[in-house]
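Data file: protein-v2.tsv. Format and content: TSV, C-alpha atoms.
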```tsv
chain	number	residue	atom	x	y	z
D	227	MET	CA	204.47	50.06	34.20
D	228	ILE	CA	204.50	47.87	37.34
D	229	ALA	CA	206.54	50.47	39.23
D	230	SER	CA	204.04	53.15	38.34
D	231	ARG	CA	201.10	51.03	39.56
D	232	ILE	CA	202.89	50.29	42.84
D	233	CYS	CA	203.58	53.98	43.24
D	234	VAL	CA	199.88	54.86	42.79
D	235	ALA	CA	198.81	52.12	45.21
D	236	VAL	CA	201.29	53.28	47.87
D	237	SER	CA	200.20	56.89	47.41
D	238	LEU	CA	196.51	55.98	47.89
D	239	ALA	CA	197.30	53.91	51.00
D	240	LEU	CA	199.30	56.74	52.54
D	241	LEU	CA	196.58	59.26	51.75
D	242	ALA	CA	193.98	57.06	53.45
D	243	LEU	CA	196.26	56.67	56.50
D	244	GLY	CA	196.77	60.40	56.76
D	245	CYS	CA	193.05	61.18	56.51
D	246	SER	CA	192.10	58.58	59.13
D	247	LYS	CA	194.50	59.94	61.75
D	248	ALA	CA	194.19	63.63	61.22
D	249	ASP	CA	191.09	64.54	63.22
D	250	VAL	CA	190.76	62.44	66.38
D	251	ARG	CA	193.50	62.55	69.06
D	252	SER	CA	194.29	59.11	70.41
D	253	ASP	CA	194.98	60.51	73.91
D	254	ASN	CA	191.30	61.55	74.12
D	255	ARG	CA	190.23	58.10	73.01
D	256	TRP	CA	192.48	56.54	75.67
D	257	VAL	CA	191.03	58.74	78.44
D	258	ALA	CA	187.48	58.05	77.22
D	259	GLU	CA	188.18	54.31	77.32
D	260	ALA	CA	189.60	54.59	80.87
D	261	GLU	CA	186.52	56.59	81.87
D	262	ARG	CA	184.22	53.94	80.37
D	263	ARG	CA	186.06	51.15	82.21
D	264	HIS	CA	185.92	52.98	85.56
D	265	ALA	CA	182.17	53.48	85.08
D	266	LEU	CA	181.83	49.78	84.31
D	267	ALA	CA	183.83	48.95	87.48
D	268	ASP	CA	181.46	51.20	89.51
D	269	GLU	CA	178.51	49.32	88.07
D	270	ARG	CA	180.08	45.90	88.74
D	271	LEU	CA	180.91	46.84	92.35
D	272	HIS	CA	177.34	48.03	92.83
D	273	ALA	CA	176.21	44.61	91.60
D	274	SER	CA	178.59	42.94	94.14
D	275	ASP	CA	180.80	41.63	91.33
D	276	PRO	CA	184.38	42.55	92.32
D	277	THR	CA	185.82	40.12	89.75
D	278	GLY	CA	184.01	41.93	86.95
D	279	ALA	CA	185.17	45.27	88.34
D	280	LYS	CA	188.76	44.06	88.43
D	281	GLU	CA	188.58	42.79	84.84
D	282	ALA	CA	187.26	46.16	83.68
D	283	LEU	CA	190.15	47.98	85.38
D	284	LEU	CA	192.81	45.54	84.18
D	285	GLY	CA	191.86	46.56	80.64
D	286	ILE	CA	193.27	50.02	81.44
D	287	VAL	CA	196.61	49.00	82.95
D	288	ASP	CA	197.20	46.09	80.54
D	289	GLY	CA	195.96	47.96	77.47
D	290	PRO	CA	198.16	49.41	74.74
D	291	VAL	CA	200.30	52.40	75.66
D	292	VAL	CA	199.24	55.51	73.78
D	293	ALA	CA	202.23	57.49	72.60
D	294	ASP	CA	200.70	60.97	72.53
D	295	VAL	CA	199.39	61.08	76.12
D	296	ALA	CA	201.45	63.41	78.30
D	297	PRO	CA	203.52	61.22	80.68
D	298	ASP	CA	202.11	62.85	83.83
D	299	ASP	CA	198.51	62.40	82.61
D	300	ARG	CA	199.21	58.74	81.91
D	301	ARG	CA	200.76	58.39	85.38
D	302	GLY	CA	197.69	59.94	87.04
D	303	VAL	CA	195.18	57.72	85.23
D	304	LEU	CA	197.22	54.54	85.76
D	305	GLN	CA	198.03	55.23	89.43
D	306	ASP	CA	194.36	55.92	90.13
D	307	THR	CA	193.48	52.61	88.45
D	308	TYR	CA	196.12	50.69	90.45
D	309	PHE	CA	194.66	52.21	93.64
D	310	ARG	CA	191.23	50.83	92.75
D	311	LEU	CA	192.65	47.44	91.81
D	312	ALA	CA	194.52	47.21	95.13
D	313	GLU	CA	191.41	48.26	97.05
D	314	ILE	CA	189.33	45.55	95.33
D	315	GLU	CA	192.06	42.96	96.00
D	316	LEU	CA	192.15	43.92	99.68
D	317	ARG	CA	188.38	43.51	99.85
D	318	ALA	CA	188.87	40.01	98.41
D	319	ARG	CA	191.41	39.39	101.23
D	320	ASP	CA	194.28	39.07	98.75
D	321	ALA	CA	196.78	41.36	100.49
D	322	HIS	CA	199.73	40.08	98.41
D	323	ALA	CA	198.00	41.04	95.16
D	324	ALA	CA	197.01	44.42	96.68
D	325	LEU	CA	200.61	45.05	97.68
D	326	ALA	CA	201.81	44.18	94.16
D	327	SER	CA	199.23	46.51	92.54
D	328	ALA	CA	200.15	49.37	94.88
D	329	ASP	CA	203.86	48.81	94.17
D	330	ARG	CA	203.24	48.84	90.40
D	331	GLY	CA	201.36	52.10	90.76
D	332	LEU	CA	204.04	53.74	92.91
D	333	ALA	CA	206.75	52.59	90.50
D	334	LEU	CA	205.23	54.96	87.91
D	335	GLY	CA	206.53	57.97	89.85
D	336	ARG	CA	206.09	60.01	93.02
D	337	ARG	CA	204.38	63.38	93.29
D	338	ASN	CA	202.68	65.12	96.18
D	339	ASP	CA	199.24	64.43	94.76
D	340	LEU	CA	196.09	62.55	95.66
D	341	PHE	CA	196.89	59.53	93.48
D	342	VAL	CA	200.23	58.81	95.15
D	343	ALA	CA	198.74	59.37	98.62
D	344	ASN	CA	195.92	56.91	97.82
D	345	LEU	CA	198.44	54.29	96.72
D	346	LEU	CA	200.40	54.78	99.96
D	347	VAL	CA	197.20	54.38	101.97
D	348	VAL	CA	196.20	51.16	100.23
D	349	ARG	CA	199.75	49.79	100.42
D	350	GLY	CA	199.77	50.59	104.15
D	351	ALA	CA	196.54	48.65	104.53
D	352	ALA	CA	198.03	45.70	102.59
D	353	HIS	CA	201.13	45.71	104.84
D	354	GLU	CA	198.84	45.87	107.87
D	355	ALA	CA	196.81	42.88	106.63
D	356	LEU	CA	200.08	40.96	106.22
D	357	GLY	CA	201.14	41.79	109.79
D	358	GLU	CA	203.93	44.14	108.64
D	359	ALA	CA	203.24	46.94	111.11
D	360	PRO	CA	206.41	49.08	110.60
D	361	ALA	CA	205.98	49.16	106.81
D	362	ALA	CA	202.28	49.97	107.24
D	363	ALA	CA	203.08	52.83	109.64
D	364	GLU	CA	205.68	54.24	107.22
D	365	ASP	CA	203.22	54.22	104.28
D	366	TYR	CA	200.40	55.73	106.34
D	367	HIS	CA	202.77	58.43	107.57
D	368	GLN	CA	203.93	59.32	104.04
D	369	ALA	CA	200.32	59.42	102.87
D	370	LEU	CA	199.43	61.76	105.74
D	371	VAL	CA	202.32	64.09	104.88
D	372	ILE	CA	200.94	64.47	101.33
D	373	ASN	CA	197.37	64.71	102.65
D	374	ASP	CA	198.44	67.51	104.98
D	375	LYS	CA	200.08	69.45	102.12
D	376	LEU	CA	196.98	69.07	99.93
D	377	LEU	CA	194.74	70.19	102.80
D	378	ALA	CA	196.93	73.25	103.45
D	379	GLU	CA	196.70	74.16	99.72
D	380	ALA	CA	192.93	73.67	99.75
D	381	LEU	CA	192.57	75.88	102.81
D	382	ARG	CA	194.86	78.55	101.31
D	383	GLU	CA	192.84	78.58	98.08
D	384	GLY	CA	189.62	78.71	100.09
D	385	ALA	CA	190.97	81.63	102.13
D	386	ALA	CA	192.07	83.43	98.95
D	387	GLY	CA	188.56	83.09	97.51
D	388	ALA	CA	186.80	84.09	100.77
D	389	PRO	CA	186.04	87.72	101.67
D	390	THR	CA	188.45	89.33	104.15
D	391	PRO	CA	186.89	89.45	107.65
D	392	GLY	CA	185.79	92.97	108.48
D	393	ALA	CA	186.10	94.17	104.87
D	394	GLN	CA	183.39	96.45	103.52
D	395	PRO	CA	181.10	94.78	100.93
L	241	MET	CA	208.48	58.13	43.09
L	242	ALA	CA	209.28	61.66	44.24
L	243	ALA	CA	205.57	62.41	44.43
L	244	ALA	CA	205.05	59.32	46.58
L	245	TRP	CA	207.83	60.40	48.94
L	246	LEU	CA	206.39	63.90	49.20
L	247	LEU	CA	202.97	62.45	50.01
L	248	PHE	CA	204.52	60.16	52.63
L	249	ALA	CA	206.35	63.03	54.31
L	250	THR	CA	203.18	65.15	54.41
L	251	THR	CA	200.97	62.37	55.79
L	252	ALA	CA	203.54	61.33	58.38
L	253	GLN	CA	203.63	64.91	59.65
L	254	ARG	CA	199.84	65.09	59.89
L	255	ALA	CA	199.59	61.69	61.61
L	256	ALA	CA	201.80	62.71	64.56
L	257	PRO	CA	200.11	65.50	66.56
L	258	PRO	CA	202.35	67.35	69.03
L	259	LEU	CA	202.39	66.00	72.58
L	260	ARG	CA	199.89	67.96	74.66
L	261	ALA	CA	201.04	69.54	77.92
L	262	SER	CA	199.98	67.59	80.99
L	263	VAL	CA	196.80	68.60	82.82
L	264	ALA	CA	197.08	69.34	86.55
L	265	PRO	CA	194.66	67.20	88.59
L	266	PRO	CA	191.81	69.19	90.15
L	267	ALA	CA	192.30	70.42	93.72
L	268	PRO	CA	190.83	67.72	95.98
L	269	PRO	CA	187.85	68.88	98.06
L	270	ALA	CA	188.12	68.85	101.87
L	271	ASP	CA	185.70	65.92	102.32
L	272	LEU	CA	187.79	63.75	100.01
L	273	LEU	CA	190.96	64.65	101.94
L	274	ALA	CA	189.14	63.86	105.19
L	275	ALA	CA	188.18	60.41	103.84
L	276	GLN	CA	191.79	59.83	102.83
L	277	ALA	CA	193.08	60.91	106.27
L	278	GLN	CA	190.54	58.58	107.90
L	279	ALA	CA	191.84	55.67	105.79
L	280	THR	CA	195.41	56.27	107.04
L	281	ARG	CA	194.24	55.35	110.55
L	282	GLY	CA	194.12	51.66	109.56
L	283	GLY	CA	192.97	49.22	112.22
L	284	ALA	CA	189.79	47.19	112.31
L	285	ASP	CA	187.83	49.55	110.06
L	286	ALA	CA	190.57	49.89	107.42
L	287	SER	CA	188.54	48.20	104.67
L	288	GLY	CA	185.45	50.30	105.44
L	289	ALA	CA	187.51	53.49	105.33
L	290	LEU	CA	189.11	52.44	102.03
L	291	ALA	CA	185.71	51.64	100.51
L	292	ALA	CA	184.49	55.08	101.63
L	293	LEU	CA	187.56	56.66	100.04
L	294	ASP	CA	186.88	54.78	96.78
L	295	LEU	CA	183.30	56.12	96.78
L	296	LYS	CA	184.50	59.69	97.39
L	297	MET	CA	187.04	59.32	94.58
L	298	ARG	CA	184.35	58.75	91.94
L	299	ALA	CA	183.27	62.37	91.52
L	300	TYR	CA	186.90	63.54	91.64
L	301	ARG	CA	187.87	60.94	88.99
L	302	ARG	CA	185.04	62.00	86.67
L	303	GLN	CA	186.20	65.60	86.94
L	304	TYR	CA	189.82	64.63	86.27
L	305	HIS	CA	188.92	62.57	83.20
L	306	GLU	CA	186.73	65.38	81.87
L	307	ASP	CA	189.61	67.86	82.34
L	308	LEU	CA	191.96	65.48	80.51
L	309	ARG	CA	189.57	65.15	77.56
L	310	ARG	CA	189.18	68.92	77.36
L	311	GLY	CA	192.91	69.52	77.71
L	312	GLY	CA	192.46	71.51	80.92
L	313	PRO	CA	189.90	72.57	83.54
L	314	ARG	CA	186.73	74.39	82.43
```

Translate this file's structure into structure tokens.
Amino acid sequence: MIASRICVAVSLALLALGCSKADVRSDNRWVAEAERRHALADERLHASDPTGAKEALLGIVDGPVVADVAPDDRRGVLQDTYFRLAEIELRARDAHAALASADRGLALGRRNDLFVANLLVVRGAAHEALGEAPAAAEDYHQALVINDKLLAEALREGAAGAPTPGAQP
Amino acid sequence: MAAAWLLFATTAQRAAPPLRASVAPPAPPADLLAAQAQATRGGADASGALAALDLKMRAYRRQYHEDLRRGGPR
């Protein structure tokens, strides 16, 4: 009798769990939350409140890890957030904190994309603020190499979309 | 008990959606790349150039987040 009641209770609990998770993807919720926090950081910076902006962004990098977000999507969102954190910390003249944020972002992985180049730029600026000129030059150079590749791609895509000179309409 | 196990197996399968393929970030526009290149110059105006880069990033970021929510570019 007791076993049968437990069985029914467990079945109902599992059914409720299944229904609650079936429709909404948690990766979308995670991105929406990151989007909301970036918008809040924009608002706080506009109101000259860098501390509030930083708190809003820390909620993204310190928040729970969502299992069903593609690893490269997670990297992009987190690296972009670390860039903003480092930029805010540099503004507050805390170059050590900026360096640490940029390092945490770069530790998530390297690609030839805008997010990695931004982190290299902000880390270069942090090194520069700390009087570490060779390290700053190295980071700026690496950022420029990626920037140059992205610009070449943008120009190629632009040229592909543009009409050929001299072609008949 | 068997019914409970069957229900558990079915719900567990429904609760774990397959991992979605990653979404390529949008191609950065030329003015954003120019702001980034400017920030790599460092020097006295480094913080101004970084703040300008952060401002330029906002539209790009919104587009990226929108693409992620949609599962790809429009």

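Proximity of D:Leu356, D:Val342, D:Ala296, D:Ala312 to Val371 of chain D, computed with only C-alpha atoms, is greatest for D:Val342.
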
Spatial neighbours of Ala279 of chain L, max dist 8 Å, only C-alpha atoms, sep filter under 4 positions, as a ChimeraX atom specification:
/D:347 /L:275,286,289-290,293

Residues of the last selection are to be written out with C-alpha atoms, as a CSV table (one decimal), in the coordinates of the input.
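Result went into result24.csv, see below:
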```csv
chain,number,residue,atom,x,y,z
D,347,VAL,CA,197.2,54.4,102.0
L,275,ALA,CA,188.2,60.4,103.8
L,286,ALA,CA,190.6,49.9,107.4
L,289,ALA,CA,187.5,53.5,105.3
L,290,LEU,CA,189.1,52.4,102.0
L,293,LEU,CA,187.6,56.7,100.0
```

Do a neighbour search on Ala274 of chain L at 12 Å with all atoms listed in the file, toss out local chain neighbours closer than 5 positions, and write the hits as JSON, numbers by chain.
{"D": [340, 370, 373, 374, 376, 377, 380], "L": [268, 269, 279, 280, 281, 289, 290, 292, 293, 296, 297]}

Contacts of Glu261 of chain D within 7 Å, only C-alpha atoms, excl. fewer than 4 positions in-chain, as a list in words:
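Here the answer would be Val257 and Ala265 of chain D; His305 of chain L.
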
So that I have them on file, write out the residues from the current selection with C-alpha atoms, as a PDB file, keeping the file's coordinate frame.
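Output file selection26.pdb follows:
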```pdb
ATOM      1  CA  VAL D 257     191.030  58.740  78.440  1.00  0.00           C
ATOM      2  CA  ALA D 265     182.170  53.480  85.080  1.00  0.00           C
TER       3      ALA D 265
ATOM      4  CA  HIS L 305     188.920  62.570  83.200  1.00  0.00           C
TER       5      HIS L 305
END
```

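Here atom CA of Arg330 of chain D and atom CA of Leu283 of chain D stand 14.0 Å from one another.
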
Close residues, His264 of chain D itself excluded, 12 Å, only C-alpha atoms, min 4 positions apart in chain, as a CSV table (one decimal) with C-alpha atoms, in the coordinates of the input:
```
chain,number,residue,atom,x,y,z
D,257,VAL,CA,191.0,58.7,78.4
D,258,ALA,CA,187.5,58.0,77.2
D,259,GLU,CA,188.2,54.3,77.3
D,260,ALA,CA,189.6,54.6,80.9
D,268,ASP,CA,181.5,51.2,89.5
D,269,GLU,CA,178.5,49.3,88.1
D,270,ARG,CA,180.1,45.9,88.7
D,271,LEU,CA,180.9,46.8,92.4
D,278,GLY,CA,184.0,41.9,87.0
D,279,ALA,CA,185.2,45.3,88.3
D,280,LYS,CA,188.8,44.1,88.4
D,281,GLU,CA,188.6,42.8,84.8
D,282,ALA,CA,187.3,46.2,83.7
D,283,LEU,CA,190.2,48.0,85.4
D,284,LEU,CA,192.8,45.5,84.2
D,285,GLY,CA,191.9,46.6,80.6
D,286,ILE,CA,193.3,50.0,81.4
D,287,VAL,CA,196.6,49.0,83.0
D,303,VAL,CA,195.2,57.7,85.2
D,304,LEU,CA,197.2,54.5,85.8
D,306,ASP,CA,194.4,55.9,90.1
D,307,THR,CA,193.5,52.6,88.4
D,308,TYR,CA,196.1,50.7,90.4
D,309,PHE,CA,194.7,52.2,93.6
D,310,ARG,CA,191.2,50.8,92.8
D,311,LEU,CA,192.6,47.4,91.8
L,294,ASP,CA,186.9,54.8,96.8
L,295,LEU,CA,183.3,56.1,96.8
L,297,MET,CA,187.0,59.3,94.6
L,298,ARG,CA,184.4,58.8,91.9
L,299,ALA,CA,183.3,62.4,91.5
L,301,ARG,CA,187.9,60.9,89.0
L,302,ARG,CA,185.0,62.0,86.7
L,305,HIS,CA,188.9,62.6,83.2
```

Atom CA of Phe341 of chain D to atom CA of Tyr300 of chain L: how many Å, to one decimal?
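A separation of 10.9 Å between them.
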
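If you look at atom CA of Asp298 of chain D and atom CA of Pro265 of chain L, they are 9.9 Å away from each other.
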
Any idea what's packed within 12 Å of Arg310 of chain L, counting all atoms listed in the file, ignoring anything in its chain fewer than 2 positions away? Could you give it as a short mmCIF file (atom, residue, chain, number, x, y, z; two decimals) with C-alpha atoms, in the coordinates of the input?
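In the end it all went to result.cif:
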```
data_model
loop_
_atom_site.label_atom_id
_atom_site.label_comp_id
_atom_site.auth_asym_id
_atom_site.auth_seq_id
_atom_site.Cartn_x
_atom_site.Cartn_y
_atom_site.Cartn_z
CA ARG D 251 193.50 62.55 69.06
CA ASP D 253 194.98 60.51 73.91
CA ASN D 254 191.30 61.55 74.12
CA ARG D 255 190.23 58.10 73.01
CA VAL D 257 191.03 58.74 78.44
CA ALA D 258 187.48 58.05 77.22
CA ARG L 260 199.89 67.96 74.66
CA ALA L 261 201.04 69.54 77.92
CA SER L 262 199.98 67.59 80.99
CA VAL L 263 196.80 68.60 82.82
CA GLN L 303 186.20 65.60 86.94
CA TYR L 304 189.82 64.63 86.27
CA HIS L 305 188.92 62.57 83.20
CA GLU L 306 186.73 65.38 81.87
CA ASP L 307 189.61 67.86 82.34
CA LEU L 308 191.96 65.48 80.51
CA GLY L 312 192.46 71.51 80.92
CA PRO L 313 189.90 72.57 83.54
CA ARG L 314 186.73 74.39 82.43
#
```

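Among the candidate residues D:Arg337, D:Arg263, D:Arg317, D:Arg301, the one lying nearest to chain L is D:Arg317, with distances computed using all atoms listed in the file.
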
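Compared by their closest atoms to chain L, and using only C-alpha atoms, the residues D:Arg349, D:Gly289, D:Asp294, D:Gly331 rank with D:Asp294 nearest.
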